[in-house]
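This is final10.tsv (TSV, C-alpha atoms and all ligand atoms).
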chain	number	residue	atom	x	y	z
G	1	MET	CA	-33.88	-27.95	24.79
G	2	THR	CA	-37.52	-28.36	23.73
G	3	ASN	CA	-38.01	-31.68	21.91
G	4	LEU	CA	-38.20	-30.60	18.27
G	5	ASN	CA	-38.08	-33.90	16.42
G	6	ASP	CA	-41.71	-33.90	15.36
G	7	LYS	CA	-42.06	-30.14	14.79
G	8	SER	CA	-42.39	-28.19	11.54
G	9	PHE	CA	-39.61	-26.02	10.10
G	10	THR	CA	-41.28	-22.80	11.27
G	11	THR	CA	-41.49	-24.07	14.86
G	12	ARG	CA	-37.95	-25.42	14.81
G	13	ALA	CA	-36.65	-22.05	13.51
G	14	VAL	CA	-38.08	-20.42	16.64
G	15	HIS	CA	-36.71	-22.93	19.18
G	16	ALA	CA	-33.68	-24.73	17.72
G	17	GLY	CA	-30.39	-24.04	19.48
G	18	GLU	CA	-32.07	-22.55	22.55
G	19	ARG	CA	-31.94	-23.93	26.08
G	20	LEU	CA	-28.92	-26.18	25.54
G	21	ASN	CA	-28.30	-26.06	29.30
G	22	LEU	CA	-24.63	-25.50	28.58
G	23	GLU	CA	-23.86	-24.15	32.02
G	24	GLY	CA	-26.51	-25.91	34.04
G	25	VAL	CA	-28.94	-23.00	33.63
G	26	ASN	CA	-31.79	-22.72	31.17
G	27	PRO	CA	-32.70	-19.18	30.13
G	28	VAL	CA	-35.46	-19.04	27.50
G	29	VAL	CA	-33.19	-17.04	25.19
G	30	SER	CA	-29.53	-18.05	24.81
G	31	PRO	CA	-27.29	-15.43	26.44
G	32	ILE	CA	-24.32	-13.75	24.77
G	33	HIS	CA	-21.09	-15.24	26.10
G	34	PRO	CA	-18.39	-12.70	25.36
G	35	SER	CA	-15.69	-14.48	27.38
G	36	VAL	CA	-12.69	-15.56	25.32
G	37	GLY	CA	-11.33	-17.96	27.94
G	38	TYR	CA	-12.90	-20.52	30.27
G	39	THR	CA	-11.59	-21.73	33.60
G	40	PHE	CA	-11.63	-25.28	34.93
G	41	ALA	CA	-11.86	-26.91	38.34
G	42	ASP	CA	-8.40	-28.40	37.84
G	43	SER	CA	-5.76	-28.94	35.18
G	44	LYS	CA	-6.84	-32.55	34.57
G	45	ASP	CA	-10.21	-31.23	33.47
G	46	LEU	CA	-8.63	-28.67	31.15
G	47	ASP	CA	-6.32	-31.35	29.75
G	48	ALA	CA	-9.31	-33.62	29.01
G	49	VAL	CA	-11.20	-30.86	27.17
G	50	LEU	CA	-8.13	-29.78	25.20
G	51	GLY	CA	-7.46	-33.42	24.33
G	52	ASN	CA	-11.05	-33.89	23.03
G	53	GLN	CA	-11.76	-36.55	25.68
G	54	LYS	CA	-14.40	-34.34	27.21
G	55	ALA	CA	-16.80	-31.72	25.83
G	56	GLY	CA	-16.31	-28.18	27.06
G	57	PHE	CA	-15.29	-24.65	26.23
G	58	VAL	CA	-11.65	-23.55	26.43
G	59	TYR	CA	-10.99	-20.63	24.15
G	60	SER	CA	-13.64	-18.90	22.04
G	61	THR	CA	-11.39	-17.73	19.24
G	62	ARG	CA	-10.72	-20.71	17.01
G	63	TYR	CA	-12.30	-23.38	19.27
G	64	THR	CA	-15.95	-22.96	20.26
G	65	ASN	CA	-18.11	-20.55	22.21
G	66	PRO	CA	-21.50	-21.31	23.83
G	67	THR	CA	-23.44	-18.64	21.90
G	68	VAL	CA	-21.87	-19.77	18.63
G	69	THR	CA	-22.67	-23.39	19.54
G	70	ALA	CA	-26.34	-22.43	20.04
G	71	PHE	CA	-26.40	-20.89	16.54
G	72	GLU	CA	-24.62	-23.90	15.02
G	73	THR	CA	-27.08	-26.28	16.71
G	74	ALA	CA	-30.00	-24.34	15.25
G	75	ILE	CA	-28.61	-24.40	11.71
G	76	ALA	CA	-27.77	-28.12	11.88
G	77	ASN	CA	-31.36	-28.72	12.97
G	78	LEU	CA	-32.84	-26.60	10.17
G	79	GLU	CA	-30.55	-28.07	7.50
G	80	GLY	CA	-31.04	-31.64	8.76
G	81	THR	CA	-27.31	-32.29	9.19
G	82	GLU	CA	-25.41	-33.86	12.09
G	83	ASP	CA	-23.65	-30.63	12.95
G	84	ALA	CA	-22.57	-27.20	11.72
G	85	TYR	CA	-19.58	-24.88	12.13
G	86	ALA	CA	-19.84	-21.09	11.98
G	87	PHE	CA	-17.35	-18.60	10.52
G	88	SER	CA	-16.77	-14.87	10.38
G	89	SER	CA	-18.22	-14.51	6.86
G	90	GLY	CA	-19.67	-16.46	3.97
G	91	MET	CA	-16.38	-16.26	2.08
G	92	ALA	CA	-14.52	-17.66	5.11
G	93	ALA	CA	-17.02	-20.55	5.18
G	94	ILE	CA	-16.47	-21.30	1.46
G	95	HIS	CA	-12.68	-21.10	1.81
G	96	MET	CA	-12.69	-23.42	4.83
G	97	ALA	CA	-15.13	-25.88	3.25
G	98	LEU	CA	-12.81	-26.22	0.24
G	99	LEU	CA	-9.79	-26.80	2.50
G	100	ALA	CA	-11.72	-29.32	4.60
G	101	ALA	CA	-12.74	-31.11	1.38
G	102	GLY	CA	-9.03	-31.68	0.74
G	103	VAL	CA	-8.27	-29.00	-1.86
G	104	ARG	CA	-4.46	-28.71	-1.97
G	105	ALA	CA	-1.72	-28.23	-4.56
G	106	GLY	CA	-2.09	-30.91	-7.21
G	107	THR	CA	-5.75	-31.65	-6.48
G	108	SER	CA	-8.61	-30.53	-8.63
G	109	ILE	CA	-11.91	-28.71	-7.98
G	110	VAL	CA	-14.88	-28.56	-10.32
G	111	ALA	CA	-17.18	-25.58	-9.76
G	112	ALA	CA	-20.21	-23.98	-11.36
G	113	ALA	CA	-19.06	-21.28	-13.78
G	114	ASP	CA	-21.57	-18.83	-12.37
G	115	VAL	CA	-20.74	-19.09	-8.67
G	116	TYR	CA	-20.73	-15.83	-6.71
G	117	GLY	CA	-18.09	-13.43	-8.12
G	118	ALA	CA	-15.77	-13.56	-5.08
G	119	THR	CA	-16.01	-17.37	-4.97
G	120	TYR	CA	-15.05	-17.48	-8.64
G	121	THR	CA	-12.05	-15.23	-8.03
G	122	LEU	CA	-11.06	-17.17	-4.88
G	123	LEU	CA	-10.91	-20.32	-6.99
G	124	GLN	CA	-9.40	-18.71	-10.07
G	125	ASP	CA	-6.75	-16.58	-8.36
G	126	VAL	CA	-6.02	-17.87	-4.85
G	127	PHE	CA	-6.49	-21.64	-5.17
G	128	THR	CA	-4.98	-21.76	-8.66
G	129	ALA	CA	-1.93	-19.79	-7.49
G	130	LEU	CA	-1.55	-22.30	-4.65
G	131	GLY	CA	-1.36	-25.15	-7.17
G	132	ALA	CA	-4.93	-26.50	-7.28
G	133	ARG	CA	-6.49	-27.16	-10.68
G	134	VAL	CA	-9.83	-25.41	-11.09
G	135	HIS	CA	-12.41	-26.31	-13.74
G	136	PHE	CA	-15.56	-24.29	-14.26
G	137	VAL	CA	-18.59	-26.01	-15.76
G	138	ASP	CA	-22.13	-25.10	-16.73
G	139	VAL	CA	-24.12	-27.00	-14.10
G	140	LEU	CA	-27.12	-27.12	-16.42
G	141	ASP	CA	-25.05	-29.23	-18.81
G	142	LEU	CA	-24.97	-32.44	-16.78
G	143	GLU	CA	-23.12	-34.35	-19.49
G	144	MET	CA	-20.31	-31.79	-19.39
G	145	VAL	CA	-20.19	-31.95	-15.58
G	146	CYS	CA	-20.09	-35.74	-15.76
G	147	ARG	CA	-17.26	-35.71	-18.32
G	148	THR	CA	-15.21	-33.14	-16.39
G	149	VAL	CA	-15.64	-34.96	-13.07
G	150	ALA	CA	-14.73	-38.32	-14.65
G	151	GLN	CA	-11.63	-36.79	-16.27
G	152	GLU	CA	-10.42	-34.64	-13.40
G	153	LYS	CA	-11.41	-36.76	-10.38
G	154	PRO	CA	-11.82	-33.63	-8.27
G	155	VAL	CA	-11.83	-33.64	-4.48
G	156	ALA	CA	-14.84	-31.28	-4.55
G	157	LEU	CA	-17.73	-30.28	-6.78
G	158	LEU	CA	-18.99	-26.82	-5.72
G	159	VAL	CA	-22.32	-25.37	-6.88
G	160	GLU	CA	-24.97	-22.88	-5.77
G	161	VAL	CA	-28.63	-23.93	-5.62
G	162	ILE	CA	-29.74	-20.74	-7.38
G	163	SER	CA	-27.07	-18.94	-9.36
G	164	ASN	CA	-26.44	-15.24	-9.14
G	165	PRO	CA	-27.54	-13.07	-10.93
G	166	LEU	CA	-29.17	-15.23	-13.65
G	167	MET	CA	-31.16	-17.47	-11.27
G	168	LYS	CA	-30.31	-20.82	-12.84
G	169	VAL	CA	-31.27	-23.75	-10.63
G	170	ALA	CA	-28.93	-26.71	-10.05
G	171	ASP	CA	-30.22	-30.29	-10.11
G	172	LEU	CA	-28.77	-31.23	-6.72
G	173	SER	CA	-29.64	-34.94	-6.76
G	174	ARG	CA	-28.03	-35.55	-10.16
G	175	LEU	CA	-24.99	-33.42	-9.31
G	176	ALA	CA	-24.54	-35.29	-5.99
G	177	GLU	CA	-24.55	-38.60	-7.89
G	178	ILE	CA	-21.96	-37.29	-10.34
G	179	ALA	CA	-19.70	-35.96	-7.55
G	180	HIS	CA	-19.92	-39.15	-5.54
G	181	SER	CA	-19.30	-41.38	-8.58
G	182	THR	CA	-15.58	-40.52	-8.39
G	183	GLY	CA	-15.36	-39.87	-4.66
G	184	ALA	CA	-15.64	-36.06	-4.75
G	185	LEU	CA	-17.39	-34.24	-1.93
G	186	PHE	CA	-20.46	-32.30	-3.02
G	187	LEU	CA	-20.39	-28.73	-1.68
G	188	VAL	CA	-23.52	-26.61	-2.05
G	189	ASP	CA	-23.81	-22.88	-1.37
G	190	ASN	CA	-27.42	-22.59	-0.19
G	191	THR	CA	-27.31	-18.83	0.56
G	192	PHE	CA	-30.01	-17.86	-1.96
G	193	CYS	CA	-32.54	-20.40	-0.66
G	194	SER	CA	-31.79	-20.40	3.07
G	195	PRO	CA	-32.73	-23.59	4.91
G	196	TYR	CA	-36.39	-22.51	4.63
G	197	LEU	CA	-36.58	-23.23	0.89
G	198	CYS	CA	-34.14	-26.06	0.46
G	199	ASN	CA	-32.09	-28.54	2.48
G	200	PRO	CA	-29.33	-29.67	0.08
G	201	ALA	CA	-28.14	-32.45	2.44
G	202	GLN	CA	-31.46	-34.21	1.66
G	203	PHE	CA	-30.36	-34.30	-1.98
G	204	GLY	CA	-26.84	-35.57	-1.25
G	205	ALA	CA	-24.74	-32.50	-0.33
G	206	ASP	CA	-21.84	-33.27	1.99
G	207	MET	CA	-21.35	-29.65	3.04
G	208	VAL	CA	-24.06	-26.99	2.92
G	209	ILE	CA	-22.59	-23.50	2.96
G	210	HIS	CA	-24.31	-20.23	3.81
G	211	SER	CA	-23.39	-16.61	3.85
G	212	ALA	CA	-25.38	-16.10	7.07
G	213	THR	CA	-24.94	-12.39	6.38
G	214	LYS	CA	-28.02	-12.79	4.15
G	215	PHE	CA	-31.41	-14.48	4.86
G	216	ILE	CA	-30.33	-16.31	8.00
G	217	SER	CA	-29.59	-13.07	9.87
G	218	GLY	CA	-31.97	-11.14	7.64
G	219	HIS	CA	-31.60	-7.59	8.90
G	220	GLY	CA	-28.43	-6.40	7.20
G	221	ASP	CA	-26.54	-6.05	10.46
G	222	VAL	CA	-24.51	-9.27	10.82
G	223	MET	CA	-21.50	-10.66	8.97
G	224	ALA	CA	-21.30	-14.45	9.21
G	225	GLY	CA	-20.96	-17.76	7.43
G	226	ILE	CA	-21.72	-21.36	8.31
G	227	VAL	CA	-21.15	-24.88	7.00
G	228	ALA	CA	-23.76	-27.52	7.91
G	229	THR	CA	-22.28	-30.98	7.57
G	230	THR	CA	-21.43	-34.34	9.18
G	231	SER	CA	-19.73	-34.61	12.56
G	232	ALA	CA	-16.59	-35.95	10.87
G	233	LEU	CA	-16.32	-33.03	8.44
G	234	LYS	CA	-17.06	-30.55	11.23
G	235	GLU	CA	-14.07	-32.00	13.07
G	236	LYS	CA	-11.91	-31.22	10.01
G	237	LEU	CA	-13.29	-27.66	9.85
G	238	LEU	CA	-12.54	-27.18	13.54
G	239	THR	CA	-8.99	-28.51	13.21
G	240	LEU	CA	-8.33	-26.14	10.29
G	241	ASN	CA	-9.94	-23.17	11.98
G	242	LYS	CA	-7.74	-23.57	15.05
G	243	LEU	CA	-4.92	-22.52	12.69
G	244	ILE	CA	-6.75	-20.10	10.43
G	245	GLY	CA	-9.00	-18.34	12.94
G	246	SER	CA	-11.97	-17.28	10.78
G	247	SER	CA	-14.29	-17.62	13.77
G	248	MET	CA	-17.76	-16.21	14.25
G	249	GLY	CA	-18.06	-13.87	17.23
G	250	PRO	CA	-20.62	-14.39	20.03
G	251	PHE	CA	-22.44	-11.10	19.37
G	252	GLU	CA	-22.96	-12.02	15.72
G	253	ALA	CA	-24.08	-15.53	16.73
G	254	TRP	CA	-26.67	-14.08	19.10
G	255	LEU	CA	-28.04	-11.75	16.41
G	256	ALA	CA	-28.06	-14.52	13.79
G	257	LEU	CA	-29.92	-16.85	16.17
G	258	ARG	CA	-32.43	-14.10	16.82
G	259	GLY	CA	-32.83	-13.52	13.08
G	260	LEU	CA	-33.55	-17.21	12.51
G	261	LYS	CA	-36.73	-17.06	14.55
G	262	THR	CA	-38.50	-15.03	11.87
G	263	LEU	CA	-36.88	-16.78	8.90
G	264	SER	CA	-40.11	-18.49	7.79
G	265	LEU	CA	-42.19	-15.32	8.07
G	266	ARG	CA	-39.62	-13.22	6.23
G	267	MET	CA	-39.05	-15.78	3.50
G	268	ARG	CA	-42.77	-16.22	2.83
G	269	GLN	CA	-43.25	-12.46	2.39
G	270	GLN	CA	-40.06	-12.04	0.36
G	271	CYS	CA	-40.92	-14.93	-1.97
G	272	ASP	CA	-44.43	-13.49	-2.51
G	273	ASN	CA	-43.04	-10.01	-3.18
G	274	ALA	CA	-40.36	-11.30	-5.57
G	275	LEU	CA	-42.87	-13.34	-7.58
G	276	ALA	CA	-45.29	-10.39	-7.83
G	277	LEU	CA	-42.45	-8.14	-9.05
G	278	ALA	CA	-41.20	-10.73	-11.53
G	279	GLN	CA	-44.68	-11.13	-13.05
G	280	TRP	CA	-45.20	-7.38	-13.28
G	281	LEU	CA	-41.74	-6.77	-14.81
G	282	GLN	CA	-42.27	-9.50	-17.38
G	283	ALA	CA	-45.13	-7.47	-18.86
G	284	HIS	CA	-43.27	-4.13	-18.64
G	285	PRO	CA	-42.43	-2.56	-22.04
G	286	LYS	CA	-38.96	-1.39	-20.89
G	287	ILE	CA	-37.89	-4.84	-19.70
G	288	LYS	CA	-36.26	-7.28	-22.10
G	289	ARG	CA	-35.95	-10.32	-19.82
G	290	VAL	CA	-36.74	-11.35	-16.24
G	291	ASN	CA	-34.89	-14.11	-14.41
G	292	TYR	CA	-36.83	-15.70	-11.56
G	293	ALA	CA	-37.21	-19.45	-11.03
G	294	PHE	CA	-40.87	-19.31	-9.96
G	295	LEU	CA	-42.01	-17.81	-13.26
G	296	PRO	CA	-43.76	-20.66	-15.10
G	297	ASP	CA	-41.61	-20.15	-18.22
G	298	HIS	CA	-38.31	-20.34	-16.30
G	299	PRO	CA	-36.42	-23.40	-17.69
G	300	GLN	CA	-35.91	-24.90	-14.22
G	301	HIS	CA	-39.31	-23.94	-12.80
G	302	ALA	CA	-40.31	-27.57	-12.10
G	303	LEU	CA	-36.94	-28.29	-10.49
G	304	MET	CA	-37.25	-25.24	-8.23
G	305	GLN	CA	-40.77	-26.37	-7.28
G	306	SER	CA	-39.43	-29.75	-6.31
G	307	LEU	CA	-36.31	-28.50	-4.44
G	308	SER	CA	-38.39	-26.04	-2.42
G	309	GLY	CA	-41.44	-28.27	-1.92
G	310	GLY	CA	-43.45	-25.60	-3.77
G	311	LYS	CA	-42.51	-22.89	-1.26
G	312	GLY	CA	-40.89	-20.43	-3.64
G	313	ALA	CA	-37.73	-19.26	-5.34
G	314	GLY	CA	-36.43	-16.72	-2.84
G	315	SER	CA	-36.26	-12.95	-2.80
G	316	VAL	CA	-33.78	-12.38	-5.60
G	317	LEU	CA	-34.70	-11.71	-9.22
G	318	SER	CA	-32.83	-10.02	-12.01
G	319	PHE	CA	-33.97	-8.23	-15.12
G	320	GLU	CA	-32.46	-6.68	-18.18
G	321	ILE	CA	-33.51	-3.14	-19.02
G	322	ALA	CA	-34.00	-3.10	-22.80
G	323	GLY	CA	-31.13	-1.39	-24.60
G	324	ALA	CA	-29.56	-0.10	-21.37
G	325	GLY	CA	-25.84	0.30	-20.68
G	326	LYS	CA	-23.95	1.54	-17.64
G	327	GLU	CA	-25.21	5.13	-17.94
G	328	GLN	CA	-28.90	4.15	-18.06
G	329	VAL	CA	-28.54	1.65	-15.22
G	330	PHE	CA	-26.82	4.30	-13.09
G	331	ALA	CA	-29.78	6.65	-13.82
G	332	PHE	CA	-32.22	3.89	-12.82
G	333	MET	CA	-30.36	3.16	-9.58
G	334	ASP	CA	-30.04	6.85	-8.67
G	335	ALA	CA	-33.79	7.43	-9.16
G	336	LEU	CA	-34.74	4.74	-6.62
G	337	ASN	CA	-36.09	6.12	-3.41
G	338	LEU	CA	-37.26	3.17	-1.28
G	339	ILE	CA	-35.11	0.32	-2.60
G	340	GLN	CA	-31.62	0.66	-1.22
G	341	PRO	CA	-28.80	0.47	-3.76
G	342	ALA	CA	-26.73	-1.73	-1.46
G	343	THR	CA	-24.47	-4.69	-2.11
G	344	SER	CA	-26.29	-7.45	-0.30
G	345	LEU	CA	-29.44	-9.58	-0.48
G	346	GLY	CA	-31.90	-11.39	1.71
G	347	ASP	CA	-32.54	-8.46	4.07
G	348	ILE	CA	-35.93	-7.22	5.21
G	349	TYR	CA	-35.14	-4.10	3.13
G	350	SER	CA	-35.48	-4.25	-0.63
G	351	LEU	CA	-32.05	-3.90	-2.22
G	352	ALA	CA	-30.89	-3.17	-5.76
G	353	LEU	CA	-27.53	-4.13	-7.17
G	354	TYR	CA	-25.76	-3.63	-10.48
G	355	PRO	CA	-23.75	-6.87	-10.91
G	356	ALA	CA	-21.32	-5.40	-13.45
G	357	ILE	CA	-19.88	-3.00	-10.84
G	358	SER	CA	-20.42	-5.03	-7.67
G	359	SER	CA	-20.94	-8.81	-7.25
G	360	HIS	CA	-19.22	-9.51	-10.58
G	361	ARG	CA	-16.79	-6.59	-10.64
G	362	THR	CA	-13.80	-8.88	-10.11
G	363	LEU	CA	-14.59	-10.63	-13.40
G	364	THR	CA	-13.31	-9.26	-16.67
G	365	PRO	CA	-15.95	-7.90	-19.12
G	366	GLU	CA	-15.23	-10.97	-21.29
G	367	GLU	CA	-15.85	-13.33	-18.36
G	368	ARG	CA	-19.10	-11.50	-17.54
G	369	ALA	CA	-20.24	-11.60	-21.16
G	370	ALA	CA	-19.45	-15.34	-21.33
G	371	LEU	CA	-21.73	-15.85	-18.33
G	372	GLY	CA	-24.52	-13.79	-19.93
G	373	ILE	CA	-24.27	-10.90	-17.47
G	374	GLY	CA	-24.94	-7.94	-19.76
G	375	ASP	CA	-24.49	-4.24	-19.00
G	376	GLY	CA	-28.27	-3.71	-18.69
G	377	LEU	CA	-28.77	-6.35	-16.00
G	378	VAL	CA	-30.06	-5.27	-12.57
G	379	ARG	CA	-30.61	-7.50	-9.53
G	380	ILE	CA	-33.30	-6.85	-6.93
G	381	SER	CA	-33.66	-8.57	-3.57
G	382	ALA	CA	-37.25	-8.04	-2.49
G	383	GLY	CA	-37.65	-7.10	1.16
G	384	ILE	CA	-40.69	-7.51	3.37
G	385	GLU	CA	-42.21	-4.12	2.50
G	386	ASP	CA	-45.55	-3.87	0.69
G	387	ALA	CA	-45.11	-5.20	-2.86
G	388	ALA	CA	-47.00	-2.21	-4.34
G	389	ASP	CA	-44.48	0.22	-2.79
G	390	ILE	CA	-41.52	-1.73	-4.16
G	391	GLN	CA	-43.16	-1.84	-7.58
G	392	ALA	CA	-43.82	1.92	-7.55
G	393	ASP	CA	-40.14	2.53	-6.76
G	394	ILE	CA	-38.96	0.38	-9.69
G	395	GLU	CA	-41.43	2.25	-11.93
G	396	ARG	CA	-39.88	5.52	-10.73
G	397	GLY	CA	-36.45	4.21	-11.72
G	398	LEU	CA	-37.59	2.92	-15.09
G	399	ALA	CA	-39.29	6.24	-15.89
G	400	VAL	CA	-35.88	7.98	-16.15
G	401	VAL	CA	-34.31	5.35	-18.40
G	501	LIG	C1	-24.10	-16.90	-2.88
G	501	LIG	C2	-23.11	-16.21	-2.00
G	501	LIG	N1	-22.18	-16.94	-1.37
G	501	LIG	C3	-21.26	-16.36	-0.57
G	501	LIG	C4	-21.23	-15.00	-0.38
G	501	LIG	C5	-20.19	-14.40	0.50
G	501	LIG	O1	-20.71	-14.09	1.74
G	501	LIG	P1	-20.11	-12.96	2.71
G	501	LIG	O2	-20.33	-11.65	2.06
G	501	LIG	O3	-20.86	-13.16	3.98
G	501	LIG	O4	-18.65	-13.27	2.86
G	501	LIG	C6	-22.19	-14.20	-1.00
G	501	LIG	C7	-22.19	-12.75	-0.81
G	501	LIG	O5	-22.94	-12.02	-1.39
G	501	LIG	C8	-23.15	-14.82	-1.84
G	501	LIG	O6	-24.09	-14.10	-2.49
Reformat the file's structure so that it appears as structure tokens.
Amino acid sequence: MTNLNDKSFTTRAVHAGERLNLEGVNPVVSPIHPSVGYTFADSKDLDAVLGNQKAGFVYSTRYTNPTVTAFETAIANLEGTEDAYAFSSGMAAIHMALLAAGVRAGTSIVAAADVYGATYTLLQDVFTALGARVHFVDVLDLEMVCRTVAQEKPVALLVEVISNPLMKVADLSRLAEIAHSTGALFLVDNTFCSPYLCNPAQFGADMVIHSATKFISGHGDVMAGIVATTSALKEKLLTLNKLIGSSMGPFEAWLALRGLKTLSLRMRQQCDNALALAQWLQAHPKIKRVNYAFLPDHPQHALMQSLSGGKGAGSVLSFEIAGAGKEQVFAFMDALNLIQPATSLGDIYSLALYPAISSHRTLTPEERAALGIGDGLVRISAGIEDAADIQADIERGLAVV
């Protein structure tokens, strides 16, 4: 592999994970290895690899695969962690990270109240039913987090860097200190920032989780998740995944690795587009409120500046259409022509989503209201198209409301 130690993020995104010389050959681009099984010169060799005395590939499902290893190597490099382990989806990565952190019956987890809807329901329904105690906190209220962590002594504190869809920003350094004060692992879902904007391990995260379905792959054609972490915690993830089998496939790993090469370029354009839209919407007479952490009046603007090294706040912004309910938001969404009304984010295509019927559908209306997710709230993920075209499309939508 090219020596990357002294290179910038943009350069590392292009080269990391490539040319690992895994089979004694060095193609410029990592090949796709579809083989499930691997043969060995003799049984002693196989025994040594299966017994972890020797590195090697045995069985792609649930162990490791060379193409997946290339992707994991790239993410570990970009996140600045010792290693990484890839999964079949972002939700699989979150589930496995919680298990690897030691969440079991009788243990406790503290999580941000506004984590992604499916994460919330995973904690609230699945983990609670299995006997874990789950406590949701407002991560902006550090005193409350501190009190809850001191009282509950959780095995894990789970937060997102930028919350969805209200774009609150978590103070990672302070939260890491709080988690570690009672021995909890600090788990950070970094999906909304991607490693381009923020490396949570630098601020004390023990496991950095991504839905690689989003910015990392970037083209809306891959389902994947990954946890960037220490070698010791990766070992735990691997041991668990041998039983659970939420593995990433080699074709997805190849596409995700390919997507990574343009991560910096895409993120720069998407951050610029999102900021331009946020500023324009803020002055729009039909818009009551805009949530975007790079707007100077956003309460955590300075924090976002510092977490991202001034690079931006990502592609996702949300806004409340004044006086709108479900019917008006449906009319807005149906009038869009360029922006795709699709349930994802971070793609090169601009996407619009109505949280009340999608990302936060699994929450009750009361739970949504408690989080401040009103019926007039729309989320946009700015793509890499021309900002003026995206703006004109939103104007078209707003014209019918
Ligand atoms: C912040 C966040 N985490 C995790 C997930 C789950 O990822 P996936 O859909 O790849 O399972 C999502 C999906 O939208 C997300 O937005």
message: Just want the residues within 8 Å of ligand LIG 501 (chain G), written as a PyMOL selection string, counting all atoms listed in the file.
response: chain G and resi 88-94+115-116+118-119+160+163-164+189-192+209-214+223-225+343-345+359
task: For each of G:Glu252, G:Asp393, G:Glu366, G:Glu79, take the minimum atom-to-atom distance to Arg12 of chain G, counting only C-alpha atoms, then give the residue where this is smallest.
output: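 Distance minimum relative to Arg12 of chain G lands on G:Glu79.
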field: Exercise: Asp47 of chain G partners within 12 Å, all atoms listed in the file, chain neighbours under 6 positions left out, as a list in words
entry: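 Final neighbour list, sorted by chain and number: Thr39, Phe40, Ala41, Gln53, Lys54, Ala55, Gly56, Phe57 and Val58 of chain G.
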query: What lies within 8 Å of segment 331-338 of chain G using only C-alpha atoms, ignoring chain neighbours under 6 positions off, as an NGL selection string?
result: :G and (350 or 352 or 389-390 or 393-394 or 396-398 or 400-401)
Best match for closeness to Met248 of chain G among G:Gly314, G:Pro31, G:Pro66, G:Pro154, counting all atoms listed in the file: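 Among the listed residues, the smallest separation from Met248 of chain G belongs to G:Pro66.
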field: G:Ile32, G:Ala97, G:Ala399, G:Ala48 ranked by distance to Asn65 of chain G, top pick (using all atoms listed in the file)
entry: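 Distance minimum relative to Asn65 of chain G lands on G:Ile32.
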Please report as a tab-separated table every residue of segment 291-349 of chain G lying within 9 Å of segment 263-270 of chain G, along with the nearest atom pair and their distance in Å (one decimal), using only C-alpha atoms.
residue	atom	partner	partner_atom	distance
G:Lys311	CA	G:Arg268	CA	7.8
G:Gly312	CA	G:Arg268	CA	7.9
G:Gly314	CA	G:Gln270	CA	6.7
G:Ser315	CA	G:Gln270	CA	5.0
G:Val316	CA	G:Gln270	CA	8.7
G:Gly346	CA	G:Gln270	CA	8.3
G:Asp347	CA	G:Arg266	CA	8.8
G:Ile348	CA	G:Arg266	CA	7.1
- request: Could you check how far atom CA of Leu175 of chain G sits from atom CA of Ala201 of chain G, in Å to one decimal?
  value: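 Computed distance, atom CA of Leu175 of chain G to atom CA of Ala201 of chain G, equals 12.2 Å.
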- prompt: Quick one, how far is atom CA of Pro165 of chain G from atom CA of His95 of chain G?
  reply: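 Spanning atom CA of Pro165 of chain G to atom CA of His95 of chain G is a straight-line distance of 21.2 Å.
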- prompt: Gly249 of chain G: which residues within 8 Å, counting all atoms listed in the file, same-chain residues fewer than 4 positions away excluded, as a PyMOL selection string?
  reply: chain G and resi 61+68+88+253
message: Could you check the closest approach to Ser8 of chain G for each of G:Asp83, G:Ala276, G:Asn77, G:Leu20 and tell me which residue wins, using all atoms listed in the file?
response: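 Going through G:Asp83, G:Ala276, G:Asn77, G:Leu20 one by one, the smallest distance to Ser8 of chain G is for G:Asn77.
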Go through segment 217-323 of chain G and flag each residue having an atom no more than 12 Å from segment 377-388 of chain G; for those, report the closest pair of atoms plus their distance in Å to one decimal, using all atoms listed in the file, ordered by chain and rising number, as a Markdown table.
| residue | atom | partner | partner_atom | distance |
| --- | --- | --- | --- | --- |
| G:Gly218 | CA | G:Gly383 | CA | 9.5 |
| G:His219 | CA | G:Gly383 | CA | 9.8 |
| G:Gly220 | CA | G:Gly383 | CA | 11.0 |
| G:Thr262 | CA | G:Ile384 | CA | 11.6 |
| G:Leu263 | CA | G:Ile384 | CA | 11.4 |
| G:Ser264 | CA | G:Ile384 | CA | 11.9 |
| G:Leu265 | CA | G:Ile384 | CA | 9.2 |
| G:Arg266 | CA | G:Ile384 | CA | 6.5 |
| G:Met267 | CA | G:Ile384 | CA | 8.4 |
| G:Arg268 | CA | G:Ile384 | CA | 9.0 |
| G:Gln269 | CA | G:Ile384 | CA | 5.7 |
| G:Gln270 | CA | G:Ile384 | CA | 5.5 |
| G:Cys271 | CA | G:Ala382 | CA | 7.8 |
| G:Asp272 | CA | G:Ala387 | CA | 8.3 |
| G:Asn273 | CA | G:Ala387 | CA | 5.2 |
| G:Ala274 | CA | G:Ala382 | CA | 5.5 |
| G:Leu275 | CA | G:Ala382 | CA | 9.3 |
| G:Ala276 | CA | G:Ala387 | CA | 7.2 |
| G:Leu277 | CA | G:Ala387 | CA | 7.4 |
| G:Ala278 | CA | G:Ile380 | CA | 9.9 |
| G:Gln279 | CA | G:Ala387 | CA | 11.8 |
| G:Trp280 | CA | G:Ala388 | CA | 10.5 |
| G:Leu281 | CA | G:Ile380 | CA | 11.5 |
| G:Ile287 | CA | G:Leu377 | CA | 10.0 |
| G:Lys288 | CA | G:Leu377 | CA | 9.7 |
| G:Arg289 | CA | G:Leu377 | CA | 9.1 |
| G:Val290 | CA | G:Leu377 | CA | 9.4 |
| G:Asn291 | CA | G:Arg379 | CA | 9.3 |
| G:Tyr292 | CA | G:Arg379 | CA | 10.5 |
| G:Ala313 | CA | G:Ser381 | CA | 11.6 |
| G:Gly314 | CA | G:Ser381 | CA | 8.6 |
| G:Ser315 | CA | G:Ala382 | CA | 5.0 |
| G:Val316 | CA | G:Ser381 | CA | 4.3 |
| G:Leu317 | CA | G:Ile380 | CA | 5.6 |
| G:Ser318 | CA | G:Arg379 | CA | 4.2 |
| G:Phe319 | CA | G:Val378 | CA | 5.5 |
| G:Glu320 | CA | G:Leu377 | CA | 4.3 |
| G:Ile321 | CA | G:Leu377 | CA | 6.5 |
| G:Ala322 | CA | G:Leu377 | CA | 9.2 |
| G:Gly323 | CA | G:Leu377 | CA | 10.2 |
